Amino acid sequence: MGEIHMSTSAASGPPAGVPSTPTASSDQGPTLYGAAPTGRRVTTRDLLAAKERGEKWPMITAYDAITAHIFDEAGIPVMLVGDSAAMVVYGYGSTVPVTVDELLPLAGAVVRGSRHAMVVGDLPFGTYQASPQQALETASRFMKEAGVQAVKLEGGARVLPQVELLVSAGIPVMAHLGLTPQSVNQLGGYRVQGRGEDGEILMRDAKAMESAGAFAIVLEVIPSDLAERVTRSVSIPTIGIGAGPATDAQVLVWQDMMGLNPRPAKFVKQYADVGTVLTDAVGTWADEVVAGTYPGPEHEYH
Ligand code: KIV
């Protein structure tokens, strides 16, 4: 693939060499997913309008320009440059070690590879918890250096001042409750959250995030009935991952749903076996290299 050019506006084009999508109108279509492209990126207002219409939508993770372009062309309205990149891109054992300097280039690539989706940058562990000021500095880097349209952070009431400051600075914030992987050591492992009385704490956290001005809330690995109650109690969209079918939206890490994770969680459904496709293709190519049948005459220059 050729050089990928830095975009100068949110509605700028796809990577060089990739065909652009025709634009339809300057207004959001009647649906978030499945409508004709609008010629601009999805906004927080579009997501709120979808909630009011009772319309569900998909969010997917992305970490590079090529896959971002594929998902964007498929009409996915929101892409998350998750700190899950710690594992699926950088090979760490958890999300904790990944840094802002490691995530920013990935977020920039996803922005450059897409033109319709809202791109959300995940604030890494240790880059927003200390103070609202620290959160503003980190979020500003994601907005200015990567060009994302929104940021995500984990936690409820304890990050309320952070969310309030970011929102007052004009930065759209996606909250994340339930199994928050950055706190996995405190939560006692990757376990279902919000059972019993903890459900009321989560409900209060969701309300706190809504009143602080968050535009959406990720609900990770919580009981389906709690996710349904939260979804009915807040006016902003909920995005479930292991939270049952009642949330307004669903999110998955793309490598999980495409069969690239050998040990996916219970909530993951595998939609393709990309691992086998890659294994077979690289094996066939290697065999042909060894046999001397690749490159063939059609691949030569004279
Ligand atoms: O980092 C991530 O990919 C996430 C999603 C799974 C919600 O936070």
# chains A, B, ... in the order shown; residues from 1 in each chain; ligands from 1

$ residues_around --residues "Thr279 (chain A)" --least-positions-apart "6" --cutoff "12 Å" --atoms "only C-alpha atoms" --output "PyMOL selection string"
chain A and resi 259-260+273+285-286

$ residues_near_ligand --ligand "ligand 1" --cutoff "8 Å" --atoms "only C-alpha atoms and all ligand atoms" --output "PDB file with N, CA and C atoms, in the first residue's frame"
ATOM      1  N   THR A  61     -13.494  -2.208  17.439  1.00  0.00           N
ATOM      2  CA  THR A  61     -12.160  -1.657  17.647  1.00  0.00           C
ATOM      3  C   THR A  61     -11.425  -1.607  16.312  1.00  0.00           C
ATOM      4  N   LEU A  80     -13.412   2.302  17.928  1.00  0.00           N
ATOM      5  CA  LEU A  80     -12.666   2.560  19.165  1.00  0.00           C
ATOM      6  C   LEU A  80     -11.224   2.100  18.994  1.00  0.00           C
ATOM      7  N   VAL A  81     -10.290   3.032  19.179  1.00  0.00           N
ATOM      8  CA  VAL A  81      -8.879   2.647  19.246  1.00  0.00           C
ATOM      9  C   VAL A  81      -8.636   2.291  20.706  1.00  0.00           C
ATOM     10  N   GLY A  82      -8.963   1.042  21.024  1.00  0.00           N
ATOM     11  CA  GLY A  82      -8.975   0.611  22.420  1.00  0.00           C
ATOM     12  C   GLY A  82      -7.578   0.407  22.976  1.00  0.00           C
ATOM     13  N   ASP A  83      -7.502   0.491  24.314  1.00  0.00           N
ATOM     14  CA  ASP A  83      -6.220   0.142  24.932  1.00  0.00           C
ATOM     15  C   ASP A  83      -6.017  -1.373  24.884  1.00  0.00           C
ATOM     16  N   SER A  84      -7.013  -2.104  24.356  1.00  0.00           N
ATOM     17  CA  SER A  84      -6.827  -3.526  24.035  1.00  0.00           C
ATOM     18  C   SER A  84      -5.686  -3.691  23.031  1.00  0.00           C
ATOM     19  N   ALA A  85      -5.290  -2.595  22.375  1.00  0.00           N
ATOM     20  CA  ALA A  85      -4.083  -2.621  21.533  1.00  0.00           C
ATOM     21  C   ALA A  85      -2.888  -3.132  22.324  1.00  0.00           C
ATOM     22  N   THR A  95      -3.959  -4.603  29.648  1.00  0.00           N
ATOM     23  CA  THR A  95      -4.007  -3.246  29.081  1.00  0.00           C
ATOM     24  C   THR A  95      -3.158  -2.256  29.870  1.00  0.00           C
ATOM     25  N   ASP A 122      -8.880   5.639  23.368  1.00  0.00           N
ATOM     26  CA  ASP A 122      -8.952   5.145  24.749  1.00  0.00           C
ATOM     27  C   ASP A 122      -7.802   5.743  25.566  1.00  0.00           C
ATOM     28  N   LYS A 152     -12.318   7.859  25.494  1.00  0.00           N
ATOM     29  CA  LYS A 152     -12.974   6.973  26.457  1.00  0.00           C
ATOM     30  C   LYS A 152     -12.091   6.844  27.679  1.00  0.00           C
ATOM     31  N   HIS A 176     -16.904   4.098  30.779  1.00  0.00           N
ATOM     32  CA  HIS A 176     -16.719   2.635  30.706  1.00  0.00           C
ATOM     33  C   HIS A 176     -16.877   2.083  32.124  1.00  0.00           C
ATOM     34  N   THR A 180     -13.757  -3.185  34.143  1.00  0.00           N
ATOM     35  CA  THR A 180     -12.858  -2.173  33.576  1.00  0.00           C
ATOM     36  C   THR A 180     -11.448  -2.758  33.629  1.00  0.00           C
ATOM     37  N   PRO A 181     -10.924  -3.212  32.476  1.00  0.00           N
ATOM     38  CA  PRO A 181      -9.691  -4.009  32.488  1.00  0.00           C
ATOM     39  C   PRO A 181      -8.488  -3.296  33.114  1.00  0.00           C
ATOM     40  N   VAL A 218     -19.883   2.503  27.954  1.00  0.00           N
ATOM     41  CA  VAL A 218     -19.594   1.084  27.706  1.00  0.00           C
ATOM     42  C   VAL A 218     -19.916   0.307  28.982  1.00  0.00           C
ATOM     43  N   LEU A 219     -20.632  -0.793  28.832  1.00  0.00           N
ATOM     44  CA  LEU A 219     -20.948  -1.685  29.965  1.00  0.00           C
ATOM     45  C   LEU A 219     -20.307  -3.028  29.671  1.00  0.00           C
ATOM     46  N   GLU A 220     -19.268  -3.381  30.447  1.00  0.00           N
ATOM     47  CA  GLU A 220     -18.504  -4.595  30.114  1.00  0.00           C
ATOM     48  C   GLU A 220     -18.740  -5.689  31.150  1.00  0.00           C
ATOM     49  N   ILE A 241     -20.618  -5.033  26.045  1.00  0.00           N
ATOM     50  CA  ILE A 241     -19.640  -6.066  25.658  1.00  0.00           C
ATOM     51  C   ILE A 241     -19.727  -7.096  26.773  1.00  0.00           C
ATOM     52  N   VAL A 251     -20.159  -3.661  21.250  1.00  0.00           N
ATOM     53  CA  VAL A 251     -18.777  -3.499  20.794  1.00  0.00           C
ATOM     54  C   VAL A 251     -18.035  -4.820  20.961  1.00  0.00           C
ATOM     55  N   LEU A 252     -17.154  -5.114  20.012  1.00  0.00           N
ATOM     56  CA  LEU A 252     -16.235  -6.242  20.152  1.00  0.00           C
ATOM     57  C   LEU A 252     -14.854  -5.829  19.653  1.00  0.00           C
ATOM     58  N   VAL A 253     -13.845  -6.474  20.199  1.00  0.00           N
ATOM     59  CA  VAL A 253     -12.481  -6.350  19.670  1.00  0.00           C
ATOM     60  C   VAL A 253     -12.445  -7.156  18.366  1.00  0.00           C
TER      61      VAL A 253
END

$ atom_distance --atom1 "CA of Ser94 (chain A)" --atom2 "CA of Pro124 (chain A)"
11.4 Å

$ select_by_dssp --residues "region 137-197 of chain A" --states "alpha helix (DSSP H)" --output "PyMOL selection string"
chain A and resi 137-141+160-168+184-187

$ select_by_dssp --residues "region 186-283 of chain A" --states "strand (DSSP E or B)" --output "number ranges by chain"
A: 216-220, 238-241, 249-252

$ closest_atom_pairs --of "region 215-267 of chain A" --to "region 39-51 of chain A" --cutoff "7 Å" --atoms "only C-alpha atoms" --output "Markdown table"
| residue | atom | partner | partner_atom | distance |
| --- | --- | --- | --- | --- |
| A:Phe215 | CA | A:Thr44 | CA | 6.4 |
| A:Ile236 | CA | A:Leu48 | CA | 6.1 |
| A:Pro237 | CA | A:Lys51 | CA | 5.9 |
| A:Asp248 | CA | A:Lys51 | CA | 6.6 |

$ residues_around --residues "Val268 (chain A)" --least-positions-apart "6" --cutoff "8 Å" --atoms "only C-alpha atoms" --output "ChimeraX atom specification"
/A:242,252,256-257

$ residues_around --residues "Gln134 (chain A)" --least-positions-apart "6" --cutoff "9 Å" --atoms "only C-alpha atoms" --output "ChimeraX atom specification"
/A:127-128,162

$ residues_around --residues "Trp254 (chain A)" --least-positions-apart "5" --cutoff "10 Å" --atoms "only C-alpha atoms" --output "list in words"
Met59, Ile60, Thr61, Ala62, Tyr63, Thr67, Phe71, Val88, Gly259, Leu260, Asn261, Gln270 and Tyr271 of chain A

$ write_last_selection --atoms "N, CA and C atoms" --output "compact mmCIF listing (two decimals), in the first residue's frame"
# COMPACT_ATOMS: atom_id res chain seq x y z
N MET A 59 -20.29 -0.91 17.35
CA MET A 59 -18.99 -0.23 17.48
C MET A 59 -17.94 -1.32 17.42
N ILE A 60 -16.83 -1.06 16.75
CA ILE A 60 -15.78 -2.08 16.66
C ILE A 60 -14.44 -1.42 16.97
N THR A 61 -13.49 -2.21 17.44
CA THR A 61 -12.16 -1.66 17.65
C THR A 61 -11.43 -1.61 16.31
N ALA A 62 -10.46 -0.71 16.22
CA ALA A 62 -9.58 -0.65 15.04
C ALA A 62 -8.25 -0.08 15.51
N TYR A 63 -7.17 -0.50 14.82
CA TYR A 63 -5.84 -0.08 15.28
C TYR A 63 -4.92 0.32 14.13
N THR A 67 -7.62 -1.75 8.17
CA THR A 67 -8.84 -2.32 8.75
C THR A 67 -9.85 -1.21 9.07
N PHE A 71 -13.73 -1.31 7.84
CA PHE A 71 -14.88 -1.20 8.74
C PHE A 71 -15.68 0.07 8.43
N VAL A 88 -3.48 -6.92 21.59
CA VAL A 88 -3.60 -7.40 20.20
C VAL A 88 -2.59 -6.78 19.26
N GLY A 259 -11.80 -14.59 14.82
CA GLY A 259 -11.12 -15.87 15.02
C GLY A 259 -9.62 -15.78 15.19
N LEU A 260 -9.13 -14.61 15.63
CA LEU A 260 -7.68 -14.47 15.82
C LEU A 260 -7.27 -14.61 17.29
N ASN A 261 -8.25 -14.82 18.17
CA ASN A 261 -7.94 -15.01 19.59
C ASN A 261 -8.21 -16.47 19.92
N GLN A 270 -17.76 -15.84 17.04
CA GLN A 270 -16.78 -15.80 15.96
C GLN A 270 -17.50 -15.71 14.62
N TYR A 271 -17.26 -14.61 13.89
CA TYR A 271 -17.93 -14.37 12.62
C TYR A 271 -17.09 -14.77 11.40

$ closest_residue --among "A:Tyr33, A:Gly213, A:Val111, A:Leu106" --to "Gly75 (chain A)" --atoms "only C-alpha atoms"
A:Tyr33

$ decode --residues "region 152-183 of chain A" --atoms "C-alpha atoms" --output "mmCIF file, in the first residue's frame"
data_model
loop_
_atom_site.group_PDB
_atom_site.id
_atom_site.type_symbol
_atom_site.label_atom_id
_atom_site.label_comp_id
_atom_site.auth_asym_id
_atom_site.auth_seq_id
_atom_site.Cartn_x
_atom_site.Cartn_y
_atom_site.Cartn_z
ATOM 1 C CA LYS A 152 -12.974 6.973 26.457
ATOM 2 C CA LEU A 153 -11.970 6.476 30.065
ATOM 3 C CA GLU A 154 -12.736 3.849 32.681
ATOM 4 C CA GLY A 155 -14.451 4.330 36.024
ATOM 5 C CA GLY A 156 -17.561 5.880 37.538
ATOM 6 C CA ALA A 157 -17.881 8.382 40.378
ATOM 7 C CA ARG A 158 -14.129 8.379 40.969
ATOM 8 C CA VAL A 159 -13.485 9.985 37.566
ATOM 9 C CA LEU A 160 -16.461 12.347 37.699
ATOM 10 C CA PRO A 161 -14.317 15.530 37.973
ATOM 11 C CA GLN A 162 -12.252 14.317 35.006
ATOM 12 C CA VAL A 163 -15.356 13.805 32.843
ATOM 13 C CA GLU A 164 -16.770 17.190 33.862
ATOM 14 C CA LEU A 165 -13.567 19.031 32.944
ATOM 15 C CA LEU A 166 -13.170 17.257 29.591
ATOM 16 C CA VAL A 167 -16.782 17.932 28.655
ATOM 17 C CA SER A 168 -16.483 21.589 29.685
ATOM 18 C CA ALA A 169 -13.384 21.779 27.461
ATOM 19 C CA GLY A 170 -15.449 20.515 24.517
ATOM 20 C CA ILE A 171 -14.123 16.958 24.452
ATOM 21 C CA PRO A 172 -16.791 14.258 24.006
ATOM 22 C CA VAL A 173 -16.322 11.531 26.625
ATOM 23 C CA MET A 174 -17.361 7.879 26.470
ATOM 24 C CA ALA A 175 -17.514 6.297 29.935
ATOM 25 C CA HIS A 176 -16.719 2.635 30.706
ATOM 26 C CA LEU A 177 -18.252 0.726 33.656
ATOM 27 C CA GLY A 178 -18.417 -2.875 34.865
ATOM 28 C CA LEU A 179 -15.352 -4.967 34.087
ATOM 29 C CA THR A 180 -12.858 -2.173 33.576
ATOM 30 C CA PRO A 181 -9.691 -4.009 32.488
ATOM 31 C CA GLN A 182 -7.333 -1.263 33.718
ATOM 32 C CA SER A 183 -8.514 -2.080 37.295
#
